[in-house]
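Student: Next up, structure_15.cif (mmCIF, C-alpha atoms).
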data_protein
loop_
_atom_site.label_atom_id
_atom_site.label_comp_id
_atom_site.auth_asym_id
_atom_site.auth_seq_id
_atom_site.Cartn_x
_atom_site.Cartn_y
_atom_site.Cartn_z
CA MET A 1 22.05 25.73 23.04
CA THR A 2 25.03 27.77 21.89
CA GLY A 3 24.75 31.50 21.34
CA HIS A 4 27.47 33.83 19.99
CA ASP A 5 30.76 31.91 19.63
CA THR A 6 34.34 32.76 18.73
CA GLU A 7 37.40 30.53 18.78
CA ASN A 8 38.30 31.61 22.34
CA GLU A 9 34.82 32.12 23.78
CA ARG A 10 31.57 30.16 23.69
CA THR A 11 28.31 31.51 25.06
CA PHE A 12 25.55 29.07 26.01
CA THR A 13 22.01 30.30 26.31
CA ALA A 14 20.24 29.82 29.63
CA LEU A 15 19.08 26.24 30.18
CA PRO A 16 15.54 25.43 31.34
CA PRO A 17 14.96 24.57 35.02
CA ALA A 18 16.22 21.16 36.13
CA HIS A 19 14.15 19.93 39.04
CA GLY A 20 15.95 16.59 39.30
CA ARG A 21 18.32 15.64 42.10
CA GLY A 22 21.27 14.99 39.80
CA PHE A 23 22.87 17.47 37.39
CA ALA A 24 25.69 15.44 35.86
CA GLN A 25 25.05 12.22 33.94
CA SER A 26 28.61 11.69 32.65
CA TRP A 27 31.45 10.65 34.91
CA TRP A 28 33.47 13.74 33.95
CA GLY A 29 30.54 16.01 34.81
CA GLN A 30 30.30 14.28 38.19
CA ALA A 31 34.04 14.78 38.72
CA TRP A 32 33.54 18.49 38.03
CA LEU A 33 30.88 18.71 40.74
CA ARG A 34 33.00 16.75 43.21
CA ALA A 35 35.72 19.40 42.83
CA LEU A 36 33.14 22.02 43.87
CA GLU A 37 31.50 20.04 46.68
CA ASP A 38 34.81 18.87 48.20
CA ALA A 39 36.35 22.35 48.17
CA ALA A 40 33.44 24.53 49.36
CA MET A 41 33.80 25.31 53.07
CA ASP A 42 30.08 26.04 53.52
CA SER A 43 27.91 23.12 52.41
CA GLN A 44 24.81 25.29 52.82
CA GLN A 45 26.07 27.58 50.03
CA VAL A 46 26.46 24.52 47.79
CA LYS A 47 22.89 23.48 48.60
CA THR A 48 21.66 27.02 47.86
CA GLY A 49 23.47 27.00 44.52
CA ARG A 50 21.96 23.65 43.61
CA GLY A 51 18.50 25.07 44.31
CA LEU A 52 19.14 28.19 42.23
CA ALA A 53 20.38 26.09 39.30
CA ARG A 54 17.34 23.82 39.55
CA ALA A 55 15.04 26.84 39.46
CA GLY A 56 16.63 28.16 36.24
CA ALA A 57 18.21 31.20 37.92
CA VAL A 58 21.47 30.93 35.94
CA GLY A 59 21.57 33.09 32.83
CA ALA A 60 23.68 32.63 29.70
CA VAL A 61 27.05 31.03 30.49
CA SER A 62 30.22 32.41 28.90
CA VAL A 63 33.18 30.00 28.68
CA ARG A 64 36.67 31.36 28.03
CA PRO A 65 40.18 30.06 28.69
CA GLY A 66 40.62 30.07 32.46
CA ARG A 67 37.15 31.45 33.30
CA ILE A 68 33.41 30.83 33.20
CA THR A 69 30.91 33.64 33.80
CA ALA A 70 27.15 34.02 34.23
CA VAL A 71 24.59 36.29 35.86
CA VAL A 72 22.76 34.41 38.63
CA GLN A 73 19.55 35.70 40.22
CA ASP A 74 18.78 35.31 43.92
CA ARG A 75 15.35 34.05 44.92
CA ASP A 76 14.34 37.71 45.28
CA ARG A 77 15.45 38.24 41.61
CA THR A 78 18.56 40.28 42.57
CA PRO A 79 21.19 39.64 39.85
CA HIS A 80 24.84 38.87 40.66
CA ARG A 81 27.78 38.32 38.34
CA ALA A 82 29.47 35.05 39.21
CA ASP A 83 32.84 33.87 37.88
CA VAL A 84 34.73 30.62 38.43
CA LEU A 85 38.40 30.45 37.48
CA LEU A 86 40.34 27.34 36.40
CA SER A 87 44.03 27.47 35.56
CA GLU A 88 45.00 27.03 31.89
CA LEU A 89 47.46 24.42 30.68
CA SER A 90 50.85 25.73 29.67
CA ALA A 91 52.08 25.53 26.07
CA GLU A 92 54.43 22.71 27.08
CA GLN A 93 51.55 20.78 28.71
CA TRP A 94 49.42 21.19 25.58
CA ASP A 95 52.28 19.83 23.45
CA ARG A 96 52.47 16.75 25.69
CA PHE A 97 48.70 16.30 25.57
CA LEU A 98 48.63 16.49 21.76
CA ASP A 99 51.53 14.08 21.41
CA MET A 100 49.77 11.67 23.76
CA ALA A 101 46.43 11.97 21.92
CA VAL A 102 47.79 11.20 18.44
CA GLU A 103 49.51 8.05 19.72
CA ARG A 104 46.10 6.42 20.22
CA SER A 105 43.48 7.09 17.56
CA GLY A 106 40.72 6.16 20.03
CA HIS A 107 41.37 9.35 22.00
CA ILE A 108 40.63 11.54 18.98
CA ALA A 109 37.58 9.51 17.98
CA ALA A 110 36.15 9.77 21.51
CA LEU A 111 36.54 13.56 21.59
CA LEU A 112 34.85 13.88 18.20
CA ASP A 113 31.95 11.83 19.63
CA ARG A 114 31.75 14.29 22.55
CA GLU A 115 33.05 11.64 24.96
CA MET A 116 35.88 11.77 27.49
CA PRO A 117 36.84 8.15 28.25
CA PRO A 118 38.65 7.46 31.54
CA HIS A 119 41.74 6.13 29.75
CA LEU A 120 42.17 9.51 27.98
CA VAL A 121 42.20 11.31 31.34
CA GLU A 122 44.45 8.62 32.86
CA ASP A 123 46.94 8.82 29.96
CA ALA A 124 46.97 12.62 30.27
CA ALA A 125 47.57 12.39 34.03
CA SER A 126 50.47 9.98 33.47
CA ALA A 127 51.96 12.66 31.21
CA GLY A 128 51.61 15.23 34.03
CA ILE A 129 48.45 16.89 32.65
CA GLU A 130 45.37 17.15 34.88
CA LEU A 131 42.36 17.83 32.66
CA LEU A 132 39.65 17.60 35.32
CA PRO A 133 39.75 19.99 38.27
CA GLY A 134 40.83 18.71 41.66
CA LEU A 135 40.43 19.96 45.22
CA GLY A 136 40.74 23.76 45.27
CA ASP A 137 41.13 24.15 41.49
CA LEU A 138 37.78 25.96 41.02
CA GLU A 139 38.42 29.51 42.27
CA PRO A 140 35.25 31.58 42.86
CA GLU A 141 34.68 35.30 42.25
CA CYS A 142 31.29 36.97 42.86
CA ASP A 143 30.11 40.55 43.28
CA CYS A 144 28.07 39.51 46.35
CA GLY A 145 31.32 39.79 48.33
CA THR A 146 31.67 36.20 49.57
CA TRP A 147 35.30 35.13 49.52
CA ASP A 148 34.57 31.40 49.27
CA HIS A 149 32.08 29.66 47.00
CA CYS A 150 28.69 31.33 47.42
CA GLY A 151 25.30 30.19 46.17
CA HIS A 152 25.86 32.09 42.92
CA THR A 153 29.20 30.49 41.98
CA ALA A 154 27.90 27.08 43.09
CA ALA A 155 24.84 27.51 40.85
CA LEU A 156 27.15 28.38 37.94
CA CYS A 157 29.19 25.20 38.55
CA TYR A 158 26.05 23.05 38.62
CA GLN A 159 24.88 24.58 35.35
CA VAL A 160 28.28 24.02 33.71
CA ALA A 161 28.09 20.34 34.72
CA ARG A 162 25.08 20.05 32.39
CA LEU A 163 27.09 21.67 29.58
CA LEU A 164 30.04 19.33 30.17
CA ASP A 165 27.71 16.33 29.90
CA GLN A 166 26.94 17.35 26.33
CA ASP A 167 30.38 18.50 25.19
CA PRO A 168 33.75 17.85 26.91
CA PHE A 169 35.33 20.44 24.59
CA VAL A 170 33.87 22.97 27.06
CA LEU A 171 36.41 21.74 29.63
CA LEU A 172 39.26 21.87 27.11
CA LEU A 173 38.33 25.47 26.25
CA MET A 174 38.51 26.35 29.95
CA ARG A 175 41.95 24.75 30.00
CA GLY A 176 43.02 27.06 27.18
CA ARG A 177 42.31 25.63 23.71
CA GLY A 178 39.23 26.08 21.51
CA GLU A 179 37.84 23.10 19.63
CA GLN A 180 38.91 24.24 16.15
CA THR A 181 42.48 25.04 17.21
CA LEU A 182 42.75 21.75 19.07
CA LEU A 183 41.52 19.69 16.11
CA GLU A 184 43.84 21.50 13.70
CA ASP A 185 46.79 20.77 16.01
CA LEU A 186 45.79 17.10 16.19
CA ARG A 187 45.48 16.87 12.40
CA ALA A 188 48.89 18.49 11.94
CA ARG A 189 50.53 16.00 14.30
CA SER A 190 48.72 13.07 12.70
CA ALA A 191 49.77 14.14 9.19
CA ALA A 192 53.49 14.34 9.96
CA PRO A 193 53.98 10.63 10.86
CA ALA A 194 51.77 9.67 7.90
CA GLN A 195 54.09 11.50 5.49
CA GLU A 196 57.12 9.76 6.99
CA ALA A 197 55.40 6.39 6.71
CA SER A 198 54.77 6.96 2.98
CA GLU A 199 58.50 6.84 2.24
CA PRO A 200 59.90 3.48 0.97
CA GLU A 201 60.99 1.26 3.82
CA ARG A 202 62.56 -2.15 4.29
CA THR A 203 59.88 -4.82 3.79
CA ASP A 204 61.40 -7.55 5.98
CA GLY A 205 58.88 -9.24 8.25
CA VAL A 206 58.94 -9.28 12.05
CA ASP A 207 58.51 -11.97 14.63
CA ALA A 208 54.83 -12.86 15.18
CA ALA A 209 55.05 -12.37 18.97
CA GLU A 210 56.55 -8.91 18.45
CA ALA A 211 53.76 -7.96 16.03
CA TYR A 212 51.09 -9.20 18.44
CA ALA A 213 52.62 -7.28 21.35
CA ALA A 214 52.48 -4.05 19.31
CA GLY A 215 48.84 -4.57 18.33
CA ASP A 216 47.57 -1.59 20.35
CA ILE A 217 49.82 0.86 18.47
CA LEU A 218 47.61 2.05 15.67
CA PRO A 219 48.64 4.20 12.70
CA PRO A 220 47.49 7.82 12.79
CA LEU A 221 44.11 8.68 11.39
CA PRO A 222 44.01 10.42 8.00
CA SER A 223 42.70 13.94 7.89
CA PRO A 224 38.89 13.81 7.73
CA ALA A 225 37.14 15.02 4.62
CA GLU A 226 35.57 18.45 4.73
CA LEU A 227 31.81 18.49 5.26
CA PRO A 228 30.04 20.86 2.85
CA GLU A 229 28.22 23.73 4.54
CA GLY A 230 24.88 22.43 3.33
CA PRO A 231 23.20 19.93 1.01
CA GLY A 232 24.02 20.15 -2.67
CA ARG A 233 21.64 21.76 -5.13
CA PRO A 234 19.83 19.19 -7.33
CA PRO A 235 20.12 19.66 -11.11
CA SER A 236 17.54 21.87 -12.73
CA LEU A 237 14.51 20.25 -14.36
CA ASP A 238 13.68 23.32 -16.45
CA THR A 239 13.73 22.06 -20.03
CA GLU A 240 11.74 22.79 -23.13
CA ALA A 241 10.37 19.25 -23.19
CA PRO A 242 7.04 18.72 -21.40
CA PRO A 243 6.94 16.19 -18.55
CA GLY A 244 5.96 12.63 -19.35
CA PRO A 245 2.56 11.19 -18.41
CA GLY A 246 2.13 10.91 -14.64
CA VAL A 247 5.32 12.88 -13.88
CA ASP A 248 4.89 15.83 -11.48
CA PRO A 249 7.94 18.15 -11.86
CA VAL A 250 7.27 19.83 -8.49
CA ALA A 251 7.21 16.47 -6.71
CA VAL A 252 10.37 15.30 -8.50
CA ARG A 253 12.21 18.50 -7.55
CA HIS A 254 11.17 18.02 -3.92
CA LEU A 255 12.30 14.37 -3.92
CA ALA A 256 15.69 15.41 -5.33
CA ALA A 257 16.06 18.14 -2.70
CA ARG A 258 15.19 15.76 0.17
CA THR A 259 17.63 13.19 -1.22
CA ALA A 260 20.39 15.82 -1.11
CA VAL A 261 19.48 16.64 2.51
CA GLU A 262 19.61 12.95 3.44
CA ALA A 263 22.97 12.50 1.70
CA HIS A 264 24.39 15.47 3.62
CA ARG A 265 23.13 14.01 6.90
CA LEU A 266 24.66 10.60 6.19
CA LEU A 267 27.99 12.20 5.29
CA SER A 268 27.91 14.25 8.49
CA GLU A 269 27.34 11.10 10.55
CA ALA A 270 30.11 9.25 8.73
CA LEU A 271 32.62 12.05 9.42
CA ARG A 272 31.70 12.04 13.13
CA GLY A 273 32.87 8.45 13.33
CA PRO A 274 31.23 5.04 13.85
CA THR A 275 28.02 4.81 15.83
CA SER A 276 26.49 1.93 17.73
CA SER A 277 22.97 2.86 16.64
CA PRO A 278 21.68 0.46 13.96
CA ALA A 279 20.16 1.87 10.81
CA VAL A 280 16.36 1.96 10.99
CA GLU A 281 14.35 0.99 7.91
CA LEU A 282 11.43 3.39 7.59
CA THR A 283 7.88 2.35 6.87
CA VAL A 284 6.00 4.03 4.03
CA ALA A 285 4.07 6.15 6.55
CA GLN A 286 7.31 7.23 8.28
CA ASP A 287 9.07 8.01 5.02
CA ALA A 288 6.13 10.18 3.97
CA VAL A 289 6.76 12.33 7.05
CA ARG A 290 10.48 12.61 6.21
CA LEU A 291 9.60 13.73 2.70
CA ALA A 292 7.01 16.20 3.98
CA VAL A 293 9.63 18.18 5.91
CA GLY A 294 10.07 21.44 4.03
CA ALA A 295 7.62 20.53 1.27
CA PRO A 296 7.31 23.72 -0.83
CA ASP A 297 4.02 22.90 -2.53
CA GLN A 298 0.58 22.37 -0.96
CA THR A 299 -0.26 19.72 -3.55
CA VAL A 300 2.80 17.68 -2.58
CA THR A 301 1.91 18.01 1.10
CA GLU A 302 -1.66 16.88 0.48
CA ARG A 303 -0.47 13.85 -1.51
CA LEU A 304 1.93 12.84 1.29
CA ALA A 305 -0.78 13.28 3.92
CA SER A 306 -3.27 11.20 1.96
CA GLY A 307 -0.74 8.50 1.09
CA SER A 308 0.31 8.12 4.74
CA GLY A 309 -3.23 7.98 6.12
CA ARG A 310 -3.06 11.33 7.91
CA ASP A 311 -4.94 14.60 7.63
CA LEU A 312 -2.97 17.82 7.08
CA GLU A 313 -2.93 18.74 10.78
CA ALA A 314 -1.70 15.29 11.80
CA LEU A 315 1.02 15.50 9.13
CA ALA A 316 2.09 18.92 10.45
CA HIS A 317 2.43 17.50 13.97
CA ALA A 318 4.32 14.50 12.59
CA THR A 319 6.83 16.70 10.75
CA ARG A 320 7.31 18.73 13.94
CA ALA A 321 8.13 15.51 15.78
CA TRP A 322 10.47 14.41 12.98
CA GLY A 323 12.39 17.65 13.27
CA LEU A 324 12.93 17.00 16.99
CA GLY A 325 14.18 13.45 16.75
CA GLY A 326 13.48 11.63 13.50
CA ALA A 327 11.79 8.23 13.49
CA ALA A 328 12.14 7.80 17.27
CA ALA A 329 10.27 11.04 17.95
CA LEU A 330 7.60 10.11 15.40
CA SER A 331 7.02 6.76 17.13
CA VAL A 332 6.57 8.51 20.48
CA LEU A 333 3.98 10.80 18.88
CA GLU A 334 1.91 8.09 17.22
CA GLU A 335 2.49 4.91 19.23
CA GLU A 336 1.14 4.27 22.73
CA TRP A 337 2.61 1.28 24.56
CA ALA A 338 2.60 -0.11 28.09
CA PRO A 339 5.95 -0.24 29.92
CA ALA A 340 6.42 -3.42 31.95
CA GLY A 341 9.01 -5.18 34.06
CA ASP A 342 12.34 -3.39 34.52
CA THR A 343 11.30 -0.61 32.13
CA LEU A 344 8.28 0.26 34.27
CA ALA A 345 10.30 -0.02 37.48
CA ARG A 346 12.94 2.39 36.16
CA ALA A 347 10.27 4.84 34.99
CA ARG A 348 8.54 4.81 38.38
CA ALA A 349 11.86 5.24 40.19
CA ALA A 350 12.68 8.25 38.03
CA LEU A 351 9.28 9.81 38.68
CA ASP A 352 9.59 9.20 42.43
CA SER A 353 13.12 10.58 42.82
CA VAL A 354 13.45 13.43 40.36
CA TRP A 355 11.23 15.92 42.24
CA ASP A 356 11.39 17.06 45.83
CA GLU A 357 8.36 15.83 47.73
CA ASP A 358 6.66 19.24 47.78
CA GLU A 359 7.42 19.91 44.07
CA ARG A 360 6.08 16.78 42.39
CA PRO A 361 3.00 17.47 40.23
CA ALA A 362 -0.07 15.24 40.22
CA LEU A 363 0.30 12.87 37.25
CA ARG A 364 -2.24 10.55 35.64
CA ALA A 365 -0.67 7.53 33.89
CA ALA A 366 -1.88 5.84 30.71
CA GLY A 367 0.58 3.46 29.05
CA ASN A 368 3.85 5.29 28.43
CA ARG A 369 2.21 8.69 28.93
CA TRP A 370 1.93 10.71 32.14
CA THR A 371 -0.41 13.73 32.03
CA VAL A 372 -0.35 16.58 34.56
CA VAL A 373 -3.73 16.74 36.25
CA GLY A 374 -5.47 20.02 35.44
CA ALA A 375 -2.77 21.27 33.04
CA PRO A 376 -2.15 20.95 29.26
CA ALA A 377 1.19 19.23 29.85
CA GLN A 378 2.29 15.63 29.38
CA ILE A 379 5.50 13.60 29.34
CA ARG A 380 6.02 10.42 27.33
CA LEU A 381 8.56 7.65 27.81
CA GLY A 382 10.32 6.47 24.67
CA ARG A 383 11.42 2.87 24.18
CA ASP A 384 15.03 4.03 24.59
CA GLY A 385 14.34 5.31 28.13
CA ARG A 386 14.32 9.02 27.26
CA TRP A 387 11.46 11.37 28.16
CA TRP A 388 9.62 13.55 25.65
CA PRO A 389 7.66 16.74 26.52
CA TYR A 390 4.16 17.23 25.09
CA ARG A 391 1.51 19.95 25.37
CA ASN A 392 -2.14 20.10 24.39
CA GLU A 393 -3.00 22.39 21.46
CA ARG A 394 -6.61 22.63 20.35
CA GLY A 395 -7.42 19.18 21.69
CA ARG A 396 -4.36 17.38 20.30
CA TRP A 397 -1.16 16.41 22.08
CA VAL A 398 1.84 17.78 20.17
CA PRO A 399 5.61 17.58 20.81
CA ALA A 400 6.99 20.48 22.85
CA GLY A 401 10.73 19.79 22.62
CA PRO A 402 13.46 17.16 22.17
CA ALA A 403 13.99 14.12 24.39
CA VAL A 404 15.81 14.44 27.72
CA LEU A 405 17.07 11.98 30.30
CA ASP A 406 14.79 12.84 33.23
CA PRO A 407 11.04 13.53 33.50
CA ALA A 408 11.38 16.79 35.45
CA THR A 409 13.42 18.46 32.73
CA ALA A 410 10.95 17.18 30.12
CA LEU A 411 8.03 18.67 32.03
CA ALA A 412 9.90 21.97 32.44
CA SER A 413 10.30 22.03 28.65
CA THR A 414 6.53 22.04 28.23
CA GLU A 415 6.35 25.17 30.39
CA VAL A 416 9.04 26.88 28.31
CA ALA A 417 7.27 25.94 25.09
CA SER A 418 3.92 27.21 26.41
CA ALA A 419 5.49 30.59 27.15
CA GLU A 420 6.77 30.95 23.56
CA PRO A 421 4.52 32.66 20.99
CA GLN A 422 2.89 30.17 18.65
CA GLY A 423 3.21 30.83 14.93
#
Turn the structure described in the file into structure tokens.

Tutor:
Amino acid sequence: MTGHDTENERTFTALPPAHGRGFAQSWWGQAWLRALEDAAMDSQQVKTGRGLARAGAVGAVSVRPGRITAVVQDRDRTPHRADVLLSELSAEQWDRFLDMAVERSGHIAALLDREMPPHLVEDAASAGIELLPGLGDLEPECDCGTWDHCGHTAALCYQVARLLDQDPFVLLLMRGRGEQTLLEDLRARSAAPAQEASEPERTDGVDAAEAYAAGDILPPLPSPAELPEGPGRPPSLDTEAPPGPGVDPVAVRHLAARTAVEAHRLLSEALRGPTSSPAVELTVAQDAVRLAVGAPDQTVTERLASGSGRDLEALAHATRAWGLGGAAALSVLEEEWAPAGDTLARARAALDSVWDEDERPALRAAGNRWTVVGAPAQIRLGRDGRWWPYRNERGRWVPAGPAVLDPATALASTEVASAEPQG
């Protein structure tokens, strides 16, 4: 998603069309859009911008302190540079925000999980710091000459709402601080009280009621460990001794390399903080796909295909799915199931509401799979409620992209994938 980045500027590549009615899934993304919709004097311009954003007319989005910028194309393909300005926080406001954040470790953990909980925004507001824009805070500039929000600046705001859903640090950069600088400032403030606490203190106890009343005051988090840039290199197996009977050095090297990759992934997840997702125990057939990712030797690949009950083409499609979403994506590829009850009702509601009446394609349903009539495109519903794009290649349905929250965006991903050259 992200293109060329520096500490004070992030550039996000153009997102695929979003034909759904809603752009923001998070409450902070919705608050961003309310600031636009409440302030725009011409509601028709807001509607035009929403249509342009749905159609994928917004190019790469540049985010800098105080400003977002993108080139937006009219329906006749005429390009316009659109800018939206948002005032930066002052140095004194940033100091208050940082002091507030380190007082509650949950604030830092939420930001690292790309979340912006309401209590963080409320605590900031009580300290006189408004993180989210309010009425009139989003100031438009466009080369089309409109002095108020036009369709181009509105389209830019709708597109940014999608970016904010994925990463609230985008909003903090607009307010004046890049992610790395902000985290370094938080670590520095967290370290100072920790050093003071390490000094010998009086060990007298306190009243139980007093201790209970102070239960929400948590000690500062320690500085997180540094994540290595990549997996470690397994030890060399090149020795003068021949391998033992039944030992394949190529296969052993590959197993060691995949173990290093898995260890790096687990460390990365641990440093991001706790997750509510339970660990999934892989079956032998699933683990064969994990091991087949990046297999350097055809013999190893053939052994994994045979051992997992797949041919080489099926294993290639399975590893493609694994790269898009691990075991969940692999299950969507290989398992067909029939939604029922509330799950089916929610799926039908999404399919009925996400397209305008004249835009909805003809779909043929079979279990958790909906195929576009007369086109090599299909969308599949995962057991977690997300939608996966698929396309038909040489008579087989293969994954065309990662999971998304609505079926229209998933179907648009199949069109983007079909337009890309196949290697």

Student: For this structure, which residues satisfy the selection - the PyMOL selection byres ((chain A and resi 127-143) around 6) - when it is evaluated on the file as given? I want them as an NGL selection string.

Tutor: :A and (35 or 39 or 81-86 or 124-126 or 144-145 or 149)

Student: Can I get the selection written as a compact mmCIF listing (two decimals), in the frame of the given file, with C-alpha atoms?

Tutor:
# COMPACT_ATOMS: atom_id res chain seq x y z
CA ALA A 35 35.72 19.40 42.83
CA ALA A 39 36.35 22.35 48.17
CA ARG A 81 27.78 38.32 38.34
CA ALA A 82 29.47 35.05 39.21
CA ASP A 83 32.84 33.87 37.88
CA VAL A 84 34.73 30.62 38.43
CA LEU A 85 38.40 30.45 37.48
CA LEU A 86 40.34 27.34 36.40
CA ALA A 124 46.97 12.62 30.27
CA ALA A 125 47.57 12.39 34.03
CA SER A 126 50.47 9.98 33.47
CA CYS A 144 28.07 39.51 46.35
CA GLY A 145 31.32 39.79 48.33
CA HIS A 149 32.08 29.66 47.00

Student: Need the shell around Arg380 (chain A): protein/DNA/RNA residues with any atom at most 7 Å away, counting all atoms listed in the file. Skip same-chain ones fewer than 4 positions apart. Format as a ChimeraX atom specification?

Tutor: /A:368-370,387-389

Student: If the PyMOL selection byres ((chain A and resi 51-61) around 6) were run on this exact file, what residues would it hold? Put them as a PDB file with C-alpha atoms, in the coordinates of the input.

Tutor:
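The resulting file, part06.pdb, is shown below:
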ATOM      1  CA  THR A  11      28.310  31.510  25.060  1.00  0.00           C
ATOM      2  CA  PHE A  12      25.550  29.070  26.010  1.00  0.00           C
ATOM      3  CA  THR A  13      22.010  30.300  26.310  1.00  0.00           C
ATOM      4  CA  ALA A  14      20.240  29.820  29.630  1.00  0.00           C
ATOM      5  CA  PRO A  16      15.540  25.430  31.340  1.00  0.00           C
ATOM      6  CA  PRO A  17      14.960  24.570  35.020  1.00  0.00           C
ATOM      7  CA  ALA A  18      16.220  21.160  36.130  1.00  0.00           C
ATOM      8  CA  HIS A  19      14.150  19.930  39.040  1.00  0.00           C
ATOM      9  CA  THR A  48      21.660  27.020  47.860  1.00  0.00           C
ATOM     10  CA  GLY A  49      23.470  27.000  44.520  1.00  0.00           C
ATOM     11  CA  ARG A  50      21.960  23.650  43.610  1.00  0.00           C
ATOM     12  CA  SER A  62      30.220  32.410  28.900  1.00  0.00           C
ATOM     13  CA  THR A  69      30.910  33.640  33.800  1.00  0.00           C
ATOM     14  CA  ALA A  70      27.150  34.020  34.230  1.00  0.00           C
ATOM     15  CA  VAL A  71      24.590  36.290  35.860  1.00  0.00           C
ATOM     16  CA  VAL A  72      22.760  34.410  38.630  1.00  0.00           C
ATOM     17  CA  GLN A  73      19.550  35.700  40.220  1.00  0.00           C
ATOM     18  CA  ALA A 155      24.840  27.510  40.850  1.00  0.00           C
TER      19      ALA A 155
END

Student: Selection in question (the file shown): the PyMOL selection byres ((chain A and resi 351) around 10). Which residues does it include, as a PyMOL selection string?

Tutor: chain A and resi 20+345-350+352-355+360+363+370+406-408

Student: With distances taken over all atoms listed in the file, which of A:Thr299, A:Ala161, A:Pro118, A:Pro65 is nearest to Arg34 (chain A)?

Tutor: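 For Arg34 (chain A), the nearest of the candidates is A:Ala161.
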
Student: Restricting the calculation to all atoms listed in the file: of A:Leu173, A:Ala188, A:Ala338, A:Ala316, which residue gets closest to Ala366 (chain A)?

Tutor: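 Using all atoms listed in the file, the shortest distance to Ala366 (chain A) belongs to A:Ala338.
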
Student: A:His152, A:Arg233, A:Arg67, A:Arg396: which is nearest His80 (chain A), counting all atoms listed in the file?

Tutor: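 Of A:His152, A:Arg233, A:Arg67, A:Arg396, the one nearest His80 (chain A) is A:His152, counting all atoms listed in the file.
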
Student: Kindly extract all protein, DNA and RNA residues lying within 10 Å of the coordinates (8.7, 13.4, 18.7) given in the file, considering only C-alpha atoms, and supply them as a ChimeraX atom specification.

Tutor: /A:317-334,380,382,388-390,398-403

Student: Once you have the residues from the selection above, write them out as a PDB file, keeping the file's coordinate frame, restricted to C-alpha atoms.

Tutor:
ATOM      1  CA  HIS A 317       2.430  17.500  13.970  1.00  0.00           C
ATOM      2  CA  ALA A 318       4.320  14.500  12.590  1.00  0.00           C
ATOM      3  CA  THR A 319       6.830  16.700  10.750  1.00  0.00           C
ATOM      4  CA  ARG A 320       7.310  18.730  13.940  1.00  0.00           C
ATOM      5  CA  ALA A 321       8.130  15.510  15.780  1.00  0.00           C
ATOM      6  CA  TRP A 322      10.470  14.410  12.980  1.00  0.00           C
ATOM      7  CA  GLY A 323      12.390  17.650  13.270  1.00  0.00           C
ATOM      8  CA  LEU A 324      12.930  17.000  16.990  1.00  0.00           C
ATOM      9  CA  GLY A 325      14.180  13.450  16.750  1.00  0.00           C
ATOM     10  CA  GLY A 326      13.480  11.630  13.500  1.00  0.00           C
ATOM     11  CA  ALA A 327      11.790   8.230  13.490  1.00  0.00           C
ATOM     12  CA  ALA A 328      12.140   7.800  17.270  1.00  0.00           C
ATOM     13  CA  ALA A 329      10.270  11.040  17.950  1.00  0.00           C
ATOM     14  CA  LEU A 330       7.600  10.110  15.400  1.00  0.00           C
ATOM     15  CA  SER A 331       7.020   6.760  17.130  1.00  0.00           C
ATOM     16  CA  VAL A 332       6.570   8.510  20.480  1.00  0.00           C
ATOM     17  CA  LEU A 333       3.980  10.800  18.880  1.00  0.00           C
ATOM     18  CA  GLU A 334       1.910   8.090  17.220  1.00  0.00           C
ATOM     19  CA  ARG A 380       6.020  10.420  27.330  1.00  0.00           C
ATOM     20  CA  GLY A 382      10.320   6.470  24.670  1.00  0.00           C
ATOM     21  CA  TRP A 388       9.620  13.550  25.650  1.00  0.00           C
ATOM     22  CA  PRO A 389       7.660  16.740  26.520  1.00  0.00           C
ATOM     23  CA  TYR A 390       4.160  17.230  25.090  1.00  0.00           C
ATOM     24  CA  VAL A 398       1.840  17.780  20.170  1.00  0.00           C
ATOM     25  CA  PRO A 399       5.610  17.580  20.810  1.00  0.00           C
ATOM     26  CA  ALA A 400       6.990  20.480  22.850  1.00  0.00           C
ATOM     27  CA  GLY A 401      10.730  19.790  22.620  1.00  0.00           C
ATOM     28  CA  PRO A 402      13.460  17.160  22.170  1.00  0.00           C
ATOM     29  CA  ALA A 403      13.990  14.120  24.390  1.00  0.00           C
TER      30      ALA A 403
END

Student: Could you please determine the separation between CA of Arg64 (chain A) and CA of Ser90 (chain A) in Å, to one decimal place?

Tutor: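 Rounded to one decimal, the two atoms are 15.3 Å apart.
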